[in-house]
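Report on one structure; see the data block that follows.
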2 protein chains.
Amino acid sequence: MSAPTRRERLRTATLSEIKDGARRLLVTGGIEAVSLRAIARDMGMTAPAIYRYFPSLEALVGGLAGDLYDELRQHIETARDAAGPEPTEQLTQMCRAMRRWAVGHPAEFTLIFGNPVPGLAEFTDSCVDPDHPGARFGAVFLGPFVELTRSSRLPGPPTHELRRLLDGHLTPLAVKHGELPIEVAYAFLSAWTRLYGLVAMEVFGHLSWAVDEPEALFETELVALLTQMRPDDAGDGLTPGAARH
Amino acid sequence: MSAPTRRERLRTATLSEIKDGARRLLVTGGIEAVSLRAIARDMGMTAPAIYRYFPSLEALVGGLAGDLYDELRQHIETARDAAGPEPTEQLTQMCRAMRRWAVGHPAEFTLIFGNPVPGLAEFTDSCVDPDHPGARFGAVFLGPFVELTRSSRLPGPPTHELRRLLDGHLTPLAVKHGELPIEVAYAFLSAWTRLYGLVAMEVFGHLSWAVDEPEALFETELVALLTQMRPDDAGDGLTPGAARH
DNA sequence: TTGCGATAGTTAACGGCGTTCACCTTAATG
DNA sequence: CATTAAGGTGAACGCCGTTAACTATCGCAA
């Protein structure tokens, strides 16, 4: 409540200088360039001093990952808020924002969405905590899906089929975000894995053997994905049963 | 042509012993456990000896990655050959085989389909070579898609839309596998990124915050994906225009 | 004001890593 | 048989994370 003491100010300043240094190393040289000695060197310090701020390198990287989750989430929330009230339009802009951030920050994206870094396992596992940055991130994407189901039936396998295949297997999601209609949960997970596949393959370079301009493929997939999400308005041949007009 | 000399036999034996050791370390401790010193230790050798067989650790890991590509490809080819002649059925079994291998060999999957390992960049980039294990791998999945288009129209955005969005951006694919109808190329890439997203998220642990039993989600997505690929037989509401019945 | 304890930094060291170099042994070859 | 190349060793260099012992300084209470 009271004003921070001088000591506290110095401490938080050093703390963010450490994180800034770590991020700079991450961006320029990838995760394996992030070392306590290099961070300390850049700060004009010695490596053991950092142990006054983080118990280990892994903890430092974990903290950095949390910050990145929040940064990406805010980036996406901004895009959503600029998109107006229509959930489909919101989703479009959010997916684009996701890709834009990932392509513009490949090292950061890799850290939080790539292979679990050895010591980051506990960080990934601790996602059961709803306050976890990863869980907060997921909630942002879930929002428009919940909204979507108010106005229109979602496509995909029929409800009884979904129940047969998925019932009881989505408990972590239910625990975190409350009980959801199974169609909503499935539509969300389906879209999320598709978005992840597209973006991760591009950022990791697993698409370059086939595609020149990954953005073109992304936009094409995005159209297909969102057309499925909006069964009323029949943009193309993908729309189900209730034929337009 | 002639029988290998004694020296050659010893050399190839040592070479595969090195690779076996590397793989064992990869499986038990992840990529960061693979070190020249550890491999040599397990063989009763010293680390510099390995430089008679590989110019660097990165080269060794690159060779291992190539072997893994081939192993996975053969695993998937076996599944395809056991699935009979129907391309949709082939694709189903191939996707399942892909996931099975990935879940059963997470460290290996991570090596070839995760973040590019620092020194593996040149390996990834050299995929322009059609003899590259990665390119051969892609060709296996492409096969059934080409086959599919003979019997049925593929779903997805209409051709003129695909041309508008993708024309000229798929040249690497065309260079490698010959000119393909744009619907085939798109259907293939779409399915491939979806499969990748599902499998990679599961293996990397990015799904555990939402899903108990990733296989259930996988099977659900697989049904949805393949139903789209088979517009004639209308399993669910996803089938386009030409309404069944 | 003095003294004391927590805080933030240092240096030195341990063991691990990739890699290079000089050296040695052994196997194949003319 | 002499030579040459291949395969392997040991020592060393410069990285790395981490620990331990030590020191200076800052802020607060007697």
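Here's how to read the names in the structure tokens: chain A, B, ... by the order shown, residue numbers from 1 in each chain, ligand numbers from 1 in the order shown.
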Mind listing the helix (DSSP H, G or I) residues of segment 182-223 of chain B, per DSSP on the backbone, as a ChimeraX atom specification?
-> /B:182-203,214-223
For the residues in the current selection, export N, CA, C and O atoms as a CSV table (one decimal), in the first residue's frame.
```
chain,number,residue,atom,x,y,z
B,182,ILE,N,-4.8,-27.1,-58.0
B,182,ILE,CA,-4.7,-26.3,-56.8
B,182,ILE,C,-5.6,-26.8,-55.7
B,182,ILE,O,-5.2,-26.7,-54.5
B,183,GLU,N,-6.7,-27.5,-56.0
B,183,GLU,CA,-7.5,-28.0,-55.0
B,183,GLU,C,-6.8,-29.1,-54.2
B,183,GLU,O,-7.0,-29.3,-53.0
B,184,VAL,N,-6.1,-29.9,-55.0
B,184,VAL,CA,-5.3,-31.0,-54.4
B,184,VAL,C,-4.3,-30.5,-53.4
B,184,VAL,O,-4.1,-30.9,-52.3
B,185,ALA,N,-3.5,-29.5,-54.0
B,185,ALA,CA,-2.4,-29.0,-53.1
B,185,ALA,C,-3.0,-28.3,-51.9
B,185,ALA,O,-2.5,-28.6,-50.8
B,186,TYR,N,-4.1,-27.6,-52.0
B,186,TYR,CA,-4.7,-27.0,-50.8
B,186,TYR,C,-5.2,-28.0,-49.8
B,186,TYR,O,-5.0,-28.0,-48.6
B,187,ALA,N,-6.0,-29.0,-50.4
B,187,ALA,CA,-6.5,-30.0,-49.5
B,187,ALA,C,-5.4,-30.7,-48.7
B,187,ALA,O,-5.5,-31.0,-47.5
B,188,PHE,N,-4.4,-31.0,-49.4
B,188,PHE,CA,-3.2,-31.7,-48.8
B,188,PHE,C,-2.6,-30.8,-47.7
B,188,PHE,O,-2.5,-31.3,-46.5
B,189,LEU,N,-2.3,-29.6,-48.0
B,189,LEU,CA,-1.7,-28.7,-47.0
B,189,LEU,C,-2.7,-28.5,-45.8
B,189,LEU,O,-2.2,-28.4,-44.6
B,190,SER,N,-3.9,-28.3,-46.1
B,190,SER,CA,-4.9,-28.1,-45.0
B,190,SER,C,-4.9,-29.3,-44.1
B,190,SER,O,-4.8,-29.1,-42.8
B,191,ALA,N,-5.0,-30.5,-44.7
B,191,ALA,CA,-5.1,-31.6,-43.8
B,191,ALA,C,-3.8,-31.8,-43.1
B,191,ALA,O,-3.8,-32.2,-41.9
B,192,TRP,N,-2.7,-31.6,-43.7
B,192,TRP,CA,-1.4,-31.8,-43.1
B,192,TRP,C,-1.2,-30.8,-41.9
B,192,TRP,O,-0.7,-31.3,-40.8
B,193,THR,N,-1.6,-29.6,-42.0
B,193,THR,CA,-1.4,-28.7,-40.9
B,193,THR,C,-2.4,-29.0,-39.8
B,193,THR,O,-2.0,-28.9,-38.6
B,194,ARG,N,-3.5,-29.5,-40.1
B,194,ARG,CA,-4.5,-29.9,-39.1
B,194,ARG,C,-3.9,-31.1,-38.3
B,194,ARG,O,-4.0,-31.1,-37.1
B,195,LEU,N,-3.4,-32.1,-39.0
B,195,LEU,CA,-2.9,-33.3,-38.4
B,195,LEU,C,-1.7,-32.8,-37.5
B,195,LEU,O,-1.5,-33.3,-36.4
B,196,TYR,N,-0.8,-32.0,-38.1
B,196,TYR,CA,0.3,-31.6,-37.3
B,196,TYR,C,-0.1,-30.8,-36.0
B,196,TYR,O,0.4,-31.1,-34.9
B,197,GLY,N,-1.1,-30.0,-36.1
B,197,GLY,CA,-1.5,-29.2,-35.0
B,197,GLY,C,-2.0,-30.1,-33.9
B,197,GLY,O,-1.6,-30.0,-32.7
B,198,LEU,N,-2.8,-31.1,-34.2
B,198,LEU,CA,-3.3,-32.0,-33.2
B,198,LEU,C,-2.2,-32.8,-32.6
B,198,LEU,O,-2.1,-32.9,-31.3
B,199,VAL,N,-1.4,-33.4,-33.4
B,199,VAL,CA,-0.3,-34.3,-32.8
B,199,VAL,C,0.7,-33.5,-32.1
B,199,VAL,O,1.1,-33.9,-30.9
B,200,ALA,N,1.1,-32.4,-32.6
B,200,ALA,CA,2.2,-31.6,-32.0
B,200,ALA,C,1.7,-31.1,-30.6
B,200,ALA,O,2.4,-31.1,-29.6
B,201,MET,N,0.5,-30.6,-30.6
B,201,MET,CA,0.0,-30.0,-29.3
B,201,MET,C,-0.1,-31.1,-28.3
B,201,MET,O,0.2,-30.9,-27.1
B,202,GLU,N,-0.5,-32.3,-28.7
B,202,GLU,CA,-0.6,-33.4,-27.7
B,202,GLU,C,0.8,-33.7,-27.2
B,202,GLU,O,1.0,-33.8,-26.0
B,203,VAL,N,1.7,-34.0,-28.1
B,203,VAL,CA,3.0,-34.4,-27.7
B,203,VAL,C,3.8,-33.3,-26.9
B,203,VAL,O,4.5,-33.7,-26.0
B,214,PRO,N,-6.3,-37.2,-25.1
B,214,PRO,CA,-6.1,-36.6,-26.4
B,214,PRO,C,-6.6,-37.5,-27.5
B,214,PRO,O,-6.9,-37.0,-28.6
B,215,GLU,N,-6.5,-38.8,-27.3
B,215,GLU,CA,-6.9,-39.7,-28.4
B,215,GLU,C,-8.3,-39.4,-28.8
B,215,GLU,O,-8.7,-39.5,-30.0
B,216,ALA,N,-9.2,-39.2,-27.9
B,216,ALA,CA,-10.6,-38.9,-28.2
B,216,ALA,C,-10.7,-37.7,-29.1
B,216,ALA,O,-11.5,-37.7,-30.1
B,217,LEU,N,-10.0,-36.6,-28.7
B,217,LEU,CA,-10.1,-35.4,-29.6
B,217,LEU,C,-9.5,-35.7,-31.0
B,217,LEU,O,-10.1,-35.3,-32.0
B,218,PHE,N,-8.5,-36.5,-31.0
B,218,PHE,CA,-7.8,-36.9,-32.3
B,218,PHE,C,-8.8,-37.6,-33.2
B,218,PHE,O,-9.0,-37.3,-34.3
B,219,GLU,N,-9.5,-38.6,-32.6
B,219,GLU,CA,-10.4,-39.4,-33.4
B,219,GLU,C,-11.6,-38.5,-33.9
B,219,GLU,O,-12.1,-38.6,-35.0
B,220,THR,N,-12.0,-37.6,-33.0
B,220,THR,CA,-13.1,-36.7,-33.4
B,220,THR,C,-12.7,-35.8,-34.6
B,220,THR,O,-13.4,-35.7,-35.6
B,221,GLU,N,-11.6,-35.2,-34.4
B,221,GLU,CA,-11.0,-34.4,-35.5
B,221,GLU,C,-10.8,-35.2,-36.8
B,221,GLU,O,-11.1,-34.7,-37.9
B,222,LEU,N,-10.3,-36.4,-36.6
B,222,LEU,CA,-10.0,-37.2,-37.8
B,222,LEU,C,-11.3,-37.5,-38.6
B,222,LEU,O,-11.4,-37.4,-39.8
B,223,VAL,N,-12.4,-37.8,-37.8
B,223,VAL,CA,-13.7,-38.0,-38.5
B,223,VAL,C,-14.1,-36.8,-39.2
B,223,VAL,O,-14.5,-36.9,-40.4
```
Which polymer residues have any atom within 10 Å of an atom of DT20 of chain C, counting only C-alpha atoms (C1' of nucleotides), with same-chain residues fewer than 2 positions away left out, as an MDAnalysis selection string?
-> (chainID B and resid 48) or (chainID C and resid 18 22) or (chainID D and resid 12:13)
Contact set, chain B to chain D: 12 Å, only C-alpha atoms (C1' of nucleotides), as JSON, numbers by chain = {"B": [7, 8, 10, 11, 14, 40, 44, 45, 46, 47, 48, 49, 50, 51, 52, 53]}
Return the neighbours of chain B among the residues of chain C, cut-off 10 Å, counting only C-alpha atoms (C1' of nucleotides), as an NGL selection string.
-> :C and (16-20 or 27-28)
What separation in Å, quoted to one decimal, exists between atom CA of Gly66 of chain A and atom C1' of DG9 of chain C?
-> 27.4 Å
All residues 9 Å or closer to segment 105-110 of chain B, only C-alpha atoms (C1' of nucleotides), same chain fewer than 5 positions away omitted, as a count of residues only = 16
Tell me, as a PDB file with N, CA and C atoms, in the first residue's frame, which residues lie within 9 Å of Lys19 of chain A, counting only C-alpha atoms (C1' of nucleotides); anything in the same chain fewer than 2 positions away does not count.
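Saved as part-v1.pdb:
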```
ATOM      1  N   THR A  14      16.408  -3.810 -11.091  1.00  0.00           N
ATOM      2  CA  THR A  14      17.367  -4.853 -11.474  1.00  0.00           C
ATOM      3  C   THR A  14      16.638  -6.056 -12.046  1.00  0.00           C
ATOM      4  N   LEU A  15      15.509  -6.402 -11.412  1.00  0.00           N
ATOM      5  CA  LEU A  15      14.759  -7.561 -11.862  1.00  0.00           C
ATOM      6  C   LEU A  15      14.323  -7.409 -13.311  1.00  0.00           C
ATOM      7  N   SER A  16      13.825  -6.226 -13.643  1.00  0.00           N
ATOM      8  CA  SER A  16      13.367  -6.087 -15.027  1.00  0.00           C
ATOM      9  C   SER A  16      14.550  -5.923 -15.974  1.00  0.00           C
ATOM     10  N   GLU A  17      15.671  -5.429 -15.462  1.00  0.00           N
ATOM     11  CA  GLU A  17      16.852  -5.376 -16.322  1.00  0.00           C
ATOM     12  C   GLU A  17      17.315  -6.790 -16.664  1.00  0.00           C
ATOM     13  N   GLY A  21      17.355  -8.253 -20.405  1.00  0.00           N
ATOM     14  CA  GLY A  21      18.554  -8.860 -20.979  1.00  0.00           C
ATOM     15  C   GLY A  21      18.275 -10.261 -21.493  1.00  0.00           C
ATOM     16  N   ALA A  22      17.523 -11.019 -20.705  1.00  0.00           N
ATOM     17  CA  ALA A  22      17.189 -12.381 -21.115  1.00  0.00           C
ATOM     18  C   ALA A  22      16.403 -12.360 -22.419  1.00  0.00           C
ATOM     19  N   ARG A  23      15.449 -11.451 -22.509  1.00  0.00           N
ATOM     20  CA  ARG A  23      14.636 -11.376 -23.718  1.00  0.00           C
ATOM     21  C   ARG A  23      15.498 -10.987 -24.920  1.00  0.00           C
ATOM     22  N   ARG A  24      16.387 -10.023 -24.728  1.00  0.00           N
ATOM     23  CA  ARG A  24      17.261  -9.616 -25.832  1.00  0.00           C
ATOM     24  C   ARG A  24      18.086 -10.798 -26.325  1.00  0.00           C
ATOM     25  N   ILE A  39      23.703 -12.882 -19.509  1.00  0.00           N
ATOM     26  CA  ILE A  39      22.850 -11.819 -18.964  1.00  0.00           C
ATOM     27  C   ILE A  39      23.663 -10.936 -18.025  1.00  0.00           C
ATOM     28  N   LEU A  60      14.036 -18.358 -14.182  1.00  0.00           N
ATOM     29  CA  LEU A  60      14.091 -17.107 -14.929  1.00  0.00           C
ATOM     30  C   LEU A  60      13.377 -17.257 -16.271  1.00  0.00           C
ATOM     31  N   VAL A  61      13.693 -18.329 -16.970  1.00  0.00           N
ATOM     32  CA  VAL A  61      13.057 -18.562 -18.266  1.00  0.00           C
ATOM     33  C   VAL A  61      11.552 -18.762 -18.090  1.00  0.00           C
ATOM     34  N   GLY A  63       9.670 -17.391 -15.783  1.00  0.00           N
ATOM     35  CA  GLY A  63       9.089 -16.064 -15.593  1.00  0.00           C
ATOM     36  C   GLY A  63       8.971 -15.303 -16.899  1.00  0.00           C
ATOM     37  N   LEU A  64      10.001 -15.418 -17.717  1.00  0.00           N
ATOM     38  CA  LEU A  64       9.967 -14.784 -19.032  1.00  0.00           C
ATOM     39  C   LEU A  64       8.813 -15.341 -19.856  1.00  0.00           C
TER      40      LEU A  64
END
```
Which residue, B:Thr227, B:Gly84, B:Ile18, B:Trp209, has the smallest gap to Arg136 of chain A when you use only C-alpha atoms?
->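 Selected residue with least distance to Arg136 of chain A: B:Trp209.
Between chain A and the candidates B:Phe113, B:Tyr69, B:Phe137, B:Trp101, the tightest atom-to-atom separation, counting only C-alpha atoms, involves B:Phe113.
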Any idea what the distance is between atom CA of Val146 of chain A and atom CA of Leu180 of chain A?
->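 Atom CA of Leu180 of chain A lies at a distance of 8.3 Å from atom CA of Val146 of chain A.
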